[in-house]
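Peer 1: Got a file for you: input_33.txt, compact mmCIF, C-alpha atoms.
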```
# COMPACT_ATOMS: atom_id res chain seq x y z
CA MET R 1 -32.20 -25.65 -26.12
CA HIS R 2 -34.80 -27.52 -27.96
CA PRO R 3 -37.98 -28.35 -26.21
CA ALA R 4 -38.58 -32.05 -26.27
CA HIS R 5 -42.07 -31.62 -27.70
CA THR R 6 -41.81 -32.36 -31.33
CA ALA R 7 -44.78 -34.61 -30.85
CA HIS R 8 -47.69 -32.22 -30.42
CA PRO R 9 -50.83 -34.16 -31.23
CA ALA R 10 -51.45 -31.93 -34.22
CA ALA R 11 -48.05 -32.87 -35.63
CA HIS R 12 -49.36 -36.25 -36.66
CA HIS R 13 -51.04 -34.48 -39.55
CA SER R 14 -47.70 -33.82 -41.05
CA PHE R 15 -46.99 -37.44 -41.89
CA ARG R 16 -46.38 -37.61 -45.61
CA LEU R 17 -49.15 -40.00 -46.38
CA SER R 18 -52.24 -39.62 -48.39
CA TRP R 19 -55.11 -37.91 -46.56
CA GLN R 20 -56.90 -41.24 -46.18
CA LEU R 21 -53.97 -42.88 -44.50
CA ALA R 22 -53.38 -39.81 -42.40
CA ALA R 23 -56.96 -39.75 -41.29
CA LEU R 24 -56.94 -43.45 -40.56
CA CYS R 25 -53.74 -43.40 -38.57
CA ALA R 26 -54.18 -40.07 -36.82
CA ALA R 27 -57.78 -40.36 -35.78
CA PRO R 28 -57.21 -43.08 -33.17
CA LEU R 29 -54.20 -41.22 -31.75
CA LEU R 30 -56.13 -37.95 -31.56
CA PHE R 31 -58.96 -39.77 -30.02
CA THR R 32 -56.82 -41.41 -27.37
CA ALA R 33 -55.17 -38.07 -26.56
CA CYS R 34 -58.51 -36.39 -26.04
CA ALA R 35 -60.19 -39.41 -24.67
CA SER R 36 -57.50 -40.14 -22.06
CA SER R 37 -59.32 -37.52 -20.00
CA VAL R 38 -56.06 -36.17 -18.51
CA PRO R 39 -57.06 -33.50 -15.98
CA ALA R 40 -55.87 -29.92 -16.44
CA PRO R 41 -52.37 -29.71 -14.90
CA THR R 42 -53.32 -27.03 -12.38
CA GLU R 43 -50.79 -28.17 -9.83
CA GLN R 44 -47.95 -28.45 -12.32
CA MET R 45 -48.82 -25.03 -13.79
CA ALA R 46 -48.72 -23.46 -10.33
CA ALA R 47 -45.42 -25.18 -9.51
CA ALA R 48 -43.90 -24.03 -12.80
CA GLN R 49 -45.13 -20.49 -12.26
CA ALA R 50 -43.64 -20.47 -8.74
CA ALA R 51 -40.33 -21.80 -10.04
CA VAL R 52 -40.19 -19.10 -12.72
CA THR R 53 -40.97 -16.38 -10.19
CA SER R 54 -38.33 -17.72 -7.81
CA ALA R 55 -35.68 -17.88 -10.54
CA ALA R 56 -36.50 -14.36 -11.71
CA SER R 57 -36.25 -12.95 -8.21
CA ALA R 58 -32.89 -14.73 -7.78
CA GLY R 59 -31.61 -12.69 -10.74
CA ALA R 60 -31.89 -15.29 -13.50
CA ALA R 61 -32.84 -12.60 -16.03
CA ASP R 62 -29.21 -11.42 -15.83
CA LEU R 63 -27.31 -14.60 -15.00
CA ALA R 64 -29.30 -17.34 -16.78
CA PRO R 65 -31.40 -15.50 -19.37
CA THR R 66 -31.65 -18.39 -21.85
CA GLU R 67 -32.99 -20.90 -19.32
CA LEU R 68 -35.40 -18.36 -17.86
CA ARG R 69 -36.72 -17.44 -21.29
CA THR R 70 -37.21 -21.11 -22.18
CA ALA R 71 -39.10 -21.67 -18.94
CA ARG R 72 -41.37 -18.68 -19.59
CA ASP R 73 -41.99 -19.71 -23.19
CA LYS R 74 -42.98 -23.21 -22.13
CA LEU R 75 -45.19 -21.90 -19.38
CA ALA R 76 -46.94 -19.67 -21.91
CA GLN R 77 -47.30 -22.62 -24.30
CA ALA R 78 -48.65 -24.70 -21.43
CA ASN R 79 -51.29 -22.06 -20.80
CA GLY R 80 -52.21 -22.15 -24.46
CA ALA R 81 -52.40 -25.95 -24.37
CA VAL R 82 -54.67 -25.82 -21.34
CA THR R 83 -56.94 -23.44 -23.22
CA ASP R 84 -56.94 -25.88 -26.13
CA GLU R 85 -57.62 -28.70 -23.66
CA HIS R 86 -54.43 -30.52 -24.65
CA HIS R 87 -53.88 -31.46 -21.05
CA ALA R 88 -51.19 -34.09 -21.47
CA TYR R 89 -49.16 -31.73 -23.61
CA ALA R 90 -49.76 -28.91 -21.12
CA THR R 91 -48.61 -31.18 -18.29
CA ARG R 92 -45.34 -32.01 -20.04
CA LEU R 93 -44.77 -28.34 -20.87
CA ALA R 94 -45.46 -27.28 -17.29
CA ARG R 95 -43.08 -29.91 -15.86
CA GLU R 96 -40.36 -28.92 -18.29
CA ALA R 97 -40.95 -25.24 -17.56
CA GLN R 98 -40.49 -25.99 -13.88
CA ALA R 99 -37.24 -27.92 -14.52
CA ASP R 100 -35.97 -25.13 -16.79
CA ALA R 101 -36.77 -22.52 -14.13
CA ASN R 102 -35.06 -24.63 -11.46
CA LEU R 103 -31.98 -24.88 -13.66
CA ALA R 104 -32.06 -21.12 -14.30
CA GLU R 105 -32.11 -20.50 -10.57
CA ALA R 106 -29.32 -23.00 -9.86
CA LYS R 107 -27.19 -21.42 -12.57
CA THR R 108 -27.88 -17.97 -11.14
CA ARG R 109 -26.93 -18.97 -7.61
CA HIS R 110 -23.80 -20.69 -8.88
CA ALA R 111 -22.76 -17.61 -10.87
CA LYS R 112 -23.29 -15.35 -7.87
CA ALA R 113 -21.28 -17.61 -5.56
CA ARG R 114 -18.52 -17.85 -8.14
CA LYS R 115 -18.41 -14.06 -8.35
CA THR R 116 -18.27 -13.74 -4.56
CA ALA R 117 -15.50 -16.34 -4.33
CA GLY R 118 -13.56 -14.62 -7.09
CA ASP R 119 -13.89 -11.26 -5.36
CA LEU R 120 -12.73 -12.73 -2.07
CA GLY R 121 -9.78 -14.41 -3.74
CA GLU R 122 -8.87 -11.18 -5.50
CA GLY R 123 -9.26 -9.26 -2.25
CA ASN R 124 -6.90 -11.64 -0.52
CA ARG R 125 -4.41 -11.35 -3.33
CA VAL R 126 -4.45 -7.54 -3.07
CA LEU R 127 -4.25 -7.71 0.71
CA ARG R 128 -1.26 -10.02 0.56
CA GLU R 129 0.45 -7.77 -1.97
CA GLU R 130 -0.05 -4.76 0.27
CA LEU R 131 1.30 -6.69 3.20
CA GLN R 132 4.40 -7.67 1.26
CA ARG R 133 4.89 -4.12 0.05
CA SER R 134 4.59 -2.65 3.52
CA ALA R 135 6.92 -5.32 4.90
CA GLN R 136 9.74 -4.13 2.64
CA MET A 1 -44.19 -44.76 -50.39
CA THR A 2 -46.95 -45.33 -52.88
CA SER A 3 -50.61 -44.62 -52.20
CA PRO A 4 -52.45 -47.76 -51.16
CA ARG A 5 -55.36 -48.66 -53.42
CA THR A 6 -57.84 -50.18 -51.11
CA PRO A 7 -59.07 -49.39 -47.60
CA PHE A 8 -58.06 -52.89 -46.57
CA ALA A 9 -54.53 -52.33 -47.64
CA LEU A 10 -54.56 -49.01 -45.87
CA ALA A 11 -55.78 -50.54 -42.66
CA THR A 12 -53.23 -53.35 -42.87
CA LEU A 13 -50.38 -50.95 -43.37
CA CYS A 14 -51.59 -48.75 -40.55
CA VAL A 15 -51.78 -51.62 -38.09
CA ALA A 16 -48.39 -52.88 -39.22
CA LEU A 17 -46.83 -49.47 -38.60
CA LEU A 18 -48.38 -49.09 -35.19
CA SER A 19 -47.46 -52.59 -34.09
CA ALA A 20 -43.90 -52.08 -35.33
CA CYS A 21 -43.64 -49.02 -33.09
CA ALA A 22 -45.09 -50.91 -30.17
CA THR A 23 -43.05 -54.08 -30.31
CA VAL A 24 -39.54 -52.94 -31.30
CA PRO A 25 -38.44 -50.06 -29.02
CA PHE A 26 -35.75 -48.38 -31.14
CA PRO A 27 -33.11 -46.48 -29.18
CA ASN A 28 -34.27 -43.06 -28.00
CA ALA A 29 -31.62 -40.40 -28.62
CA GLN A 30 -32.84 -38.17 -25.79
CA LEU A 31 -32.81 -41.02 -23.32
CA THR A 32 -29.37 -42.18 -24.43
CA GLN A 33 -28.08 -38.65 -23.88
CA ALA A 34 -29.81 -38.42 -20.49
CA ARG A 35 -28.18 -41.66 -19.33
CA ALA A 36 -24.78 -40.41 -20.46
CA ASP A 37 -25.33 -37.08 -18.68
CA PHE A 38 -26.29 -38.84 -15.50
CA ARG A 39 -23.29 -41.21 -15.62
CA ASN A 40 -20.92 -38.27 -16.10
CA ALA A 41 -22.42 -36.34 -13.19
CA GLU A 42 -22.35 -39.43 -11.00
CA GLY A 43 -18.66 -39.85 -11.81
CA ASP A 44 -17.91 -36.44 -10.30
CA PRO A 45 -16.47 -37.06 -6.83
CA ARG A 46 -18.35 -34.00 -5.54
CA ALA A 47 -21.75 -35.44 -6.57
CA SER A 48 -22.55 -37.39 -3.40
CA ARG A 49 -20.92 -34.84 -1.10
CA MET A 50 -22.29 -31.59 -2.54
CA ALA A 51 -25.42 -32.38 -4.52
CA ALA A 52 -26.84 -35.57 -3.01
CA SER A 53 -30.48 -34.48 -3.10
CA GLU A 54 -30.19 -33.05 -6.63
CA MET A 55 -28.57 -36.28 -7.81
CA LYS A 56 -31.39 -38.20 -6.18
CA GLN A 57 -33.92 -36.15 -8.14
CA ALA A 58 -31.93 -36.77 -11.32
CA GLN A 59 -31.81 -40.47 -10.55
CA ASP A 60 -35.58 -40.55 -10.00
CA ALA A 61 -36.15 -38.70 -13.26
CA LEU A 62 -33.90 -41.15 -15.09
CA ASN A 63 -35.69 -44.11 -13.53
CA ASN A 64 -39.00 -42.66 -14.75
CA ALA A 65 -37.61 -42.17 -18.25
CA ASN A 66 -36.15 -45.69 -18.36
CA ALA A 67 -39.43 -47.15 -17.12
CA ALA A 68 -41.38 -45.22 -19.76
CA TRP A 69 -39.04 -46.44 -22.44
CA GLU A 70 -39.28 -50.03 -21.23
CA ARG A 71 -43.07 -49.71 -21.09
CA GLN A 72 -42.77 -48.56 -24.68
CA ASP A 73 -44.57 -45.37 -23.87
CA ALA A 74 -45.08 -42.85 -26.59
CA PRO A 75 -41.79 -41.28 -27.76
CA GLU A 76 -42.93 -37.83 -26.68
CA ASP A 77 -43.35 -39.12 -23.16
CA VAL A 78 -39.94 -40.82 -23.15
CA ASN A 79 -38.40 -37.69 -24.67
CA HIS A 80 -40.14 -35.56 -22.09
CA LEU A 81 -38.88 -37.66 -19.17
CA ALA A 82 -35.38 -37.83 -20.68
CA TYR A 83 -35.43 -34.04 -20.99
CA LEU A 84 -36.46 -33.69 -17.36
CA THR A 85 -33.59 -36.02 -16.42
CA ARG A 86 -31.08 -33.96 -18.34
CA GLN A 87 -32.30 -30.76 -16.66
CA ARG A 88 -32.09 -32.40 -13.21
CA VAL A 89 -28.52 -33.51 -13.97
CA ALA A 90 -27.67 -29.97 -15.09
CA ILE A 91 -29.17 -28.63 -11.86
CA ALA A 92 -27.03 -31.10 -9.86
CA ARG A 93 -23.95 -29.91 -11.74
CA GLU A 94 -24.75 -26.25 -11.02
CA THR A 95 -25.27 -27.15 -7.37
CA MET A 96 -21.80 -28.76 -7.24
CA GLY A 97 -20.34 -25.59 -8.69
CA LEU A 98 -22.29 -23.51 -6.19
CA ARG A 99 -21.06 -25.56 -3.23
CA THR A 100 -17.48 -25.47 -4.53
CA ALA A 101 -17.61 -21.69 -4.82
CA GLU A 102 -19.15 -21.42 -1.36
CA GLN A 103 -16.42 -23.63 0.05
CA PHE A 104 -13.79 -21.49 -1.62
CA ALA A 105 -15.44 -18.34 -0.28
CA GLY A 106 -15.38 -19.83 3.20
CA SER A 107 -11.71 -20.70 2.99
CA ALA A 108 -11.02 -17.29 1.44
CA GLY A 109 -12.59 -15.75 4.52
CA THR A 110 -10.29 -17.81 6.72
CA THR A 111 -7.33 -16.86 4.54
CA ARG A 112 -8.33 -13.21 4.74
CA ASP A 113 -8.48 -13.40 8.52
CA ALA A 114 -5.03 -15.00 8.55
CA ILE A 115 -3.63 -12.29 6.27
CA ARG A 116 -5.19 -9.58 8.41
CA LEU A 117 -3.76 -11.15 11.54
CA GLU A 118 -0.38 -11.26 9.84
CA ALA A 119 -0.80 -7.61 8.84
CA ARG A 120 -1.69 -6.61 12.39
CA THR A 121 1.30 -8.54 13.74
CA GLN A 122 3.49 -6.83 11.20
CA GLU A 123 2.03 -3.44 12.08
CA ALA A 124 2.65 -4.10 15.74
CA ASP A 125 6.22 -5.13 14.98
CA THR A 126 6.73 -2.05 12.89
CA ALA A 127 5.22 0.14 15.60
CA GLN A 128 7.48 -1.51 18.17
CA ARG A 129 10.50 -0.98 15.95
CA GLN A 130 9.51 2.64 15.41
CA ALA A 131 8.95 3.12 19.13
CA ASP A 132 12.35 1.59 19.88
CA GLN A 133 13.93 3.79 17.30
CA ALA A 134 12.14 6.83 18.74
CA THR A 135 13.40 5.92 22.21
CA ARG A 136 16.92 5.56 20.89
CA ASN A 137 16.59 8.86 19.05
CA ALA A 138 15.26 10.55 22.16
CA ARG A 139 18.12 9.18 24.22
CA ALA A 140 20.61 10.30 21.62
CA ALA A 141 19.01 13.74 21.54
CA GLN A 142 19.08 13.89 25.32
CA TYR A 143 22.73 12.90 25.29
CA ASP A 144 23.48 15.50 22.62
CA ALA A 145 21.65 18.12 24.65
CA GLU A 146 23.60 17.21 27.75
CA VAL A 147 26.83 17.34 25.85
CA ALA A 148 25.83 20.67 24.36
CA ARG A 149 24.88 21.96 27.78
CA ALA A 150 28.18 20.76 29.17
CA ASP A 151 30.01 22.30 26.24
CA SER A 152 28.11 25.52 26.72
CA ALA A 153 28.87 25.51 30.44
CA GLN A 154 32.49 24.79 29.66
CA ALA A 155 32.55 27.60 27.13
CA GLN A 156 30.87 29.84 29.66
CA ARG A 157 33.47 28.91 32.26
CA GLU A 158 36.23 29.46 29.77
CA THR A 159 34.81 32.83 28.84
CA GLU A 160 34.44 33.74 32.45
CA MET A 161 37.92 32.55 33.14
CA ALA A 162 39.27 34.50 30.20
CA ASP A 163 37.39 37.56 31.37
CA ALA A 164 38.72 37.09 34.88
CA GLN A 165 42.23 36.64 33.56
CA ASN A 166 41.78 39.66 31.39
CA ARG A 167 40.56 41.70 34.32
CA ALA A 168 43.45 40.48 36.43
CA LEU A 169 45.85 41.36 33.67
CA GLN A 170 44.33 44.77 33.32
CA ASP A 171 44.53 45.25 37.07
CA ARG A 172 48.17 44.26 37.06
CA LEU A 173 48.93 46.48 34.14
CA ARG A 174 47.06 49.36 35.70
CA GLU A 175 49.35 48.98 38.61
CA LEU A 176 52.11 49.62 36.10
CA ASN A 177 50.21 52.74 34.99
CA ALA A 178 49.17 51.19 31.69
CA ARG A 179 46.35 53.03 29.99
CA PRO A 180 43.87 51.86 27.36
CA SER A 181 44.26 53.05 23.80
CA PRO A 182 42.85 52.02 20.42
CA ARG A 183 45.92 49.86 19.88
CA GLY A 184 45.66 48.09 23.24
CA LEU A 185 46.90 48.73 26.75
CA VAL A 186 49.81 51.07 26.56
CA LEU A 187 52.56 51.18 29.19
CA THR A 188 54.78 54.21 28.84
CA LEU A 189 58.39 54.22 29.98
CA GLY A 190 59.33 57.82 30.55
CA ASP A 191 62.55 59.52 29.63
CA VAL A 192 63.74 59.44 33.20
CA LEU A 193 64.04 55.67 33.06
CA PHE A 194 66.77 55.94 30.45
CA ASP A 195 70.20 57.46 30.68
CA THR A 196 70.24 60.86 29.03
CA ASP A 197 70.50 60.55 25.24
CA LYS A 198 71.34 56.86 25.67
CA ALA A 199 69.61 53.57 25.08
CA GLN A 200 70.61 52.29 28.49
CA LEU A 201 67.72 51.59 30.93
CA ARG A 202 68.15 52.87 34.40
CA PRO A 203 67.49 50.52 37.39
CA ALA A 204 64.01 51.96 37.86
CA GLY A 205 63.29 51.28 34.20
CA LEU A 206 64.63 47.75 34.49
CA ARG A 207 62.37 47.18 37.51
CA LEU A 208 59.34 48.28 35.55
CA VAL A 209 60.31 46.04 32.59
CA SER A 210 60.84 43.18 35.03
CA GLN A 211 57.32 43.66 36.42
CA LEU A 212 55.94 43.71 32.90
CA ALA A 213 57.87 40.51 32.10
CA ALA A 214 56.32 38.85 35.14
CA VAL A 215 52.85 39.72 33.81
CA LEU A 216 53.73 38.53 30.29
CA ASN A 217 55.04 35.25 31.70
CA GLU A 218 51.64 34.65 33.23
CA TYR A 219 49.83 35.41 29.95
CA PRO A 220 51.94 33.62 27.36
CA GLN A 221 49.55 34.37 24.48
CA ARG A 222 50.10 38.11 24.78
CA THR A 223 52.48 39.88 22.47
CA VAL A 224 53.92 43.32 22.86
CA GLN A 225 54.92 46.03 20.47
CA VAL A 226 57.69 48.29 21.70
CA GLU A 227 57.94 51.72 20.04
CA GLY A 228 60.49 54.37 20.83
CA PHE A 229 59.87 58.12 20.48
CA THR A 230 62.01 61.28 20.92
CA ASP A 231 61.47 65.00 21.02
CA SER A 232 62.30 67.20 18.06
CA THR A 233 65.71 68.24 19.32
CA GLY A 234 68.62 66.96 17.24
CA THR A 235 68.63 65.43 13.76
CA PRO A 236 65.78 63.14 12.70
CA ALA A 237 68.29 60.42 11.85
CA HIS A 238 69.76 60.54 15.28
CA ASN A 239 66.31 60.57 16.83
CA LEU A 240 65.19 57.53 14.81
CA THR A 241 68.29 55.62 15.76
CA LEU A 242 68.00 56.52 19.45
CA SER A 243 64.30 55.64 19.59
CA ALA A 244 64.93 52.30 17.88
CA GLN A 245 67.83 51.54 20.19
CA ARG A 246 65.73 52.32 23.25
CA ALA A 247 62.93 50.03 21.99
CA GLU A 248 65.53 47.34 21.37
CA ALA A 249 66.89 47.83 24.89
CA VAL A 250 63.43 47.14 26.28
CA ARG A 251 63.22 43.94 24.20
CA ALA A 252 66.61 42.83 25.43
CA ALA A 253 65.55 43.49 29.02
CA LEU A 254 62.31 41.47 28.50
CA GLN A 255 64.33 38.68 26.92
CA SER A 256 66.63 38.60 29.92
CA GLU A 257 63.47 38.13 32.01
CA GLY A 258 62.50 35.09 29.97
CA ILE A 259 60.21 36.61 27.31
CA ALA A 260 60.80 35.08 23.85
CA PRO A 261 62.03 37.69 21.35
CA ALA A 262 59.33 36.57 18.92
CA ARG A 263 56.65 37.93 21.25
CA VAL A 264 58.20 41.36 21.08
CA SER A 265 58.30 43.62 18.04
CA THR A 266 60.22 46.90 18.12
CA ARG A 267 60.14 50.09 16.14
CA GLY A 268 61.87 53.44 16.28
CA SER A 269 59.54 56.28 15.45
CA GLY A 270 61.83 59.24 16.23
CA GLU A 271 60.04 62.53 16.78
CA ARG A 272 56.76 61.37 15.21
CA ASN A 273 53.56 61.23 17.23
CA PRO A 274 54.44 63.64 19.97
CA VAL A 275 52.19 63.46 23.03
CA ALA A 276 53.01 67.07 24.03
CA GLY A 277 54.44 70.25 22.56
CA ASN A 278 58.17 70.32 21.84
CA ASP A 279 58.31 74.04 22.74
CA SER A 280 58.74 73.47 26.46
CA ALA A 281 61.15 71.37 28.46
CA ASP A 282 58.28 69.54 30.16
CA GLY A 283 56.67 68.78 26.83
CA ARG A 284 59.90 67.55 25.32
CA GLN A 285 60.48 65.31 28.32
CA LEU A 286 57.01 63.76 27.83
CA ASN A 287 57.75 63.19 24.15
CA ARG A 288 60.93 61.28 24.95
CA ARG A 289 59.48 57.92 25.80
CA VAL A 290 59.08 54.25 24.96
CA GLU A 291 55.55 52.89 24.59
CA ILE A 292 54.85 49.21 25.18
CA VAL A 293 51.56 48.14 23.61
CA LEU A 294 50.05 44.90 24.87
CA SER A 295 47.74 43.00 22.57
CA ASP A 296 46.42 39.56 21.88
CA GLY A 297 44.34 37.99 19.11
CA ARG A 298 41.11 38.91 20.84
CA MET A 299 42.21 42.47 21.61
CA LEU A 300 40.75 41.99 25.10
CA VAL A 301 43.29 44.41 26.52
CA GLN A 302 41.47 47.21 24.78
CA ARG A 303 38.52 47.02 27.10
```
What would you get if you wrote out this structure as structure tokens?

Peer 2:
Amino acid sequence: MHPAHTAHPAAHHSFRLSWQLAALCAAPLLFTACASSVPAPTEQMAAAQAAVTSAASAGAADLAPTELRTARDKLAQANGAVTDEHHAYATRLAREAQADANLAEAKTRHAKARKTAGDLGEGNRVLREELQRSAQ
Amino acid sequence: MTSPRTPFALATLCVALLSACATVPFPNAQLTQARADFRNAEGDPRASRMAASEMKQAQDALNNANAAWERQDAPEDVNHLAYLTRQRVAIARETMGLRTAEQFAGSAGTTRDAIRLEARTQEADTAQRQADQATRNARAAQYDAEVARADSAQAQRETEMADAQNRALQDRLRELNARPSPRGLVLTLGDVLFDTDKAQLRPAGLRLVSQLAAVLNEYPQRTVQVEGFTDSTGTPAHNLTLSAQRAEAVRAALQSEGIAPARVSTRGSGERNPVAGNDSADGRQLNRRVEIVLSDGRMLVQR
């Protein structure tokens, strides 16, 4: 799963233009990013952290390890972005981390229910076989 | 792209690039994929029934993404919202799977209860069958026991009857002065019952034989062995002949009283097996005799 954030503000430096053009084009964008005065995504960070904790306690580490790892990675990146005061980027990362954690938990619950249903079906099959055997 | 030569040219190009981005919203791959994901999930008949609230969240996320794209927001924002949409759709899909599994588990529980009920019914039937069989077996055993008891009682009665008959026979034969011996009850006809040196039975002898015949007629399974003996006077040949003739005379007399000849065997033993000394007249008289041995298969007469 590829995080959707290919567009970190710093990535604008990678445009293959001369340094003048790069400076000219990137400066306003950088400025707007910093100047938009997006507040630190405290709420989103807390929600993402809660979602990760919930998924982990549901057993996602075993049943949806990829999604859980993605969520944790993004949450860590979000923390880093907050430190760097890239608040918009941190907000996106936190929201995605929350969605990833939610998906990890949904996958985990689905897998558990599927296992339970399979066990019950198998149990019934065995039970029916025994019944047929004892009926003979 | 070549390096622009003047700041003016640079600025012009920069503005042109930015305005191009702002005025012509090129298709966003992430958003296109998110829309497709949502349409697919919405097409699942379970979507509204099992994951209504998750689909609502997905729908809201998609609306946000579409709005951002139409507003020509920055691609990273559109991508971000499209990504959130795709995750919400995935969550809705997982929820459908979860509800399906739960539904199956619920029906499996019902099925299990039904199977268990069936099993209990079957066990009860089996138990009833076994109980019925046990009852039948018990009745059969009881019947067998009764039959065995009856058989045993019958056998007991038969034994008692046989014993009684045997005792009666012995009593009757004792009246005829029969005495027990290893061979059976022995009835001795003394010399005086025959004519002297003849095989002819005298009337007293015939009476005794007649009494014996009456007993034998009552006990048809009995057989008799008639054996004649003499003293040592005279030639052995003569003695053998006389003893055999006397035994034969007894058989003839029994036959005339209705006893089948097959039940009577005879033998002449001459002067063998004396019961007394041949050196006195009394002894010789005792030796001249016919012995009638009564026997049957069970040798009861020996008692």

Peer 1: Pull out every residue of chain A that has at least one atom within 7 Å of chain R, counting all atoms listed in the file, and report them as an MDAnalysis selection string.

Peer 2: chainID A and resid 3 10 14 76 79:80 83:84 87:88 90:91 94:95 97:98 101:102 104:105 108 112 115 119

Peer 1: Tell me which protein, DNA and RNA residues are within 9 Å of segment 258-271 of chain A, counting all atoms listed in the file, leaving out same-chain ones fewer than 2 positions away, and put them as a PyMOL selection string.

Peer 2: chain A and resi 213-214+216-217+220-233+236-248+250-256+273-274+287-288

Peer 1: Out of A:Arg183, A:Arg99, A:Arg284, A:Lys198, which residue has the shortest atom-to-atom distance to Arg49 of chain A when counting all atoms listed in the file?

Peer 2: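 Looking only at the distances to Arg49 of chain A, the closest residue turns out to be A:Arg99.
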
Peer 1: How many Å lie between atom CA of Gln44 of chain R and atom CA of Leu75 of chain R, rounded to one decimal?

Peer 2: 10.0 Å

Peer 1: What is the atom CA of Pro39 of chain R to atom CA of Ala29 of chain A distance in Å?

Peer 2: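 Between atom CA of Pro39 of chain R and atom CA of Ala29 of chain A the gap is 29.2 Å.
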
Peer 1: Taking only C-alpha atoms into account, which of A:Gly234, A:Glu175, A:Gly106, A:Glu70 comes nearest Asp197 of chain A?

Peer 2: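 Once distances to Asp197 of chain A are computed over only C-alpha atoms, the minimum belongs to A:Gly234.
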
Peer 1: Here is a test: counting only C-alpha atoms, which residue of R:Ala94, R:His86, R:Met45, R:Arg133 is nearest to Thr70 of chain R?

Peer 2: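 Among the listed residues, the smallest separation from Thr70 of chain R belongs to R:Ala94.
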
Peer 1: Check the smallest atom-to-atom distance from each of A:Arg207, A:Arg86, A:Arg46, A:Arg179 to Leu294 of chain A using only C-alpha atoms, then report the winner.

Peer 2: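 Residue with the minimum atom-to-atom distance to Leu294 of chain A: A:Arg179.
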
Peer 1: Could you state the separation of atom CA of Ala92 of chain A and atom CA of Ala55 of chain R in Å, given to one decimal place?

Peer 2: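 For atom CA of Ala92 of chain A relative to atom CA of Ala55 of chain R, the distance reads 15.8 Å.
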
Peer 1: Here is a test: counting only C-alpha atoms, which residue of A:Ala61, A:Ala82, A:Ala41, A:Leu193 is nearest to Gln285 of chain A?

Peer 2: A:Leu193

Peer 1: Could you add the missing atoms to segment 125-138 of chain A, up to N, CA and C atoms, and return them as a PDB file, in the frame of the given file?

Peer 2:
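To be explicit, this is the file written out as result.pdb:
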```pdb
ATOM      1  N   ASP A 125       4.763  -5.050  15.006  1.00  0.00           N
ATOM      2  CA  ASP A 125       6.220  -5.130  14.980  1.00  0.00           C
ATOM      3  C   ASP A 125       6.821  -3.819  14.514  1.00  0.00           C
ATOM      4  N   THR A 126       6.226  -3.308  13.428  1.00  0.00           N
ATOM      5  CA  THR A 126       6.730  -2.050  12.890  1.00  0.00           C
ATOM      6  C   THR A 126       6.614  -0.934  13.921  1.00  0.00           C
ATOM      7  N   ALA A 127       5.441  -0.892  14.581  1.00  0.00           N
ATOM      8  CA  ALA A 127       5.220   0.140  15.600  1.00  0.00           C
ATOM      9  C   ALA A 127       6.256   0.000  16.714  1.00  0.00           C
ATOM     10  N   GLN A 128       6.515  -1.276  17.093  1.00  0.00           N
ATOM     11  CA  GLN A 128       7.480  -1.510  18.170  1.00  0.00           C
ATOM     12  C   GLN A 128       8.864  -1.035  17.722  1.00  0.00           C
ATOM     13  N   ARG A 129       9.192  -1.404  16.464  1.00  0.00           N
ATOM     14  CA  ARG A 129      10.500  -0.980  15.950  1.00  0.00           C
ATOM     15  C   ARG A 129      10.595   0.541  15.944  1.00  0.00           C
ATOM     16  N   GLN A 130       9.485   1.171  15.481  1.00  0.00           N
ATOM     17  CA  GLN A 130       9.510   2.640  15.410  1.00  0.00           C
ATOM     18  C   GLN A 130       9.617   3.239  16.804  1.00  0.00           C
ATOM     19  N   ALA A 131       8.893   2.617  17.753  1.00  0.00           N
ATOM     20  CA  ALA A 131       8.950   3.120  19.130  1.00  0.00           C
ATOM     21  C   ALA A 131      10.363   2.981  19.680  1.00  0.00           C
ATOM     22  N   ASP A 132      10.980   1.806  19.417  1.00  0.00           N
ATOM     23  CA  ASP A 132      12.350   1.590  19.880  1.00  0.00           C
ATOM     24  C   ASP A 132      13.284   2.631  19.287  1.00  0.00           C
ATOM     25  N   GLN A 133      13.078   2.824  17.979  1.00  0.00           N
ATOM     26  CA  GLN A 133      13.930   3.790  17.300  1.00  0.00           C
ATOM     27  C   GLN A 133      13.732   5.183  17.892  1.00  0.00           C
ATOM     28  N   ALA A 134      12.455   5.513  18.166  1.00  0.00           N
ATOM     29  CA  ALA A 134      12.140   6.830  18.740  1.00  0.00           C
ATOM     30  C   ALA A 134      12.821   6.973  20.102  1.00  0.00           C
ATOM     31  N   THR A 135      12.757   5.884  20.893  1.00  0.00           N
ATOM     32  CA  THR A 135      13.400   5.920  22.210  1.00  0.00           C
ATOM     33  C   THR A 135      14.903   6.158  22.051  1.00  0.00           C
ATOM     34  N   ARG A 136      15.477   5.390  21.103  1.00  0.00           N
ATOM     35  CA  ARG A 136      16.920   5.560  20.890  1.00  0.00           C
ATOM     36  C   ARG A 136      17.228   6.990  20.452  1.00  0.00           C
ATOM     37  N   ASN A 137      16.377   7.496  19.529  1.00  0.00           N
ATOM     38  CA  ASN A 137      16.590   8.860  19.050  1.00  0.00           C
ATOM     39  C   ASN A 137      16.495   9.855  20.191  1.00  0.00           C
ATOM     40  N   ALA A 138      15.471   9.623  21.045  1.00  0.00           N
ATOM     41  CA  ALA A 138      15.260  10.550  22.160  1.00  0.00           C
ATOM     42  C   ALA A 138      16.468  10.524  23.090  1.00  0.00           C
TER      43      ALA A 138
END
```
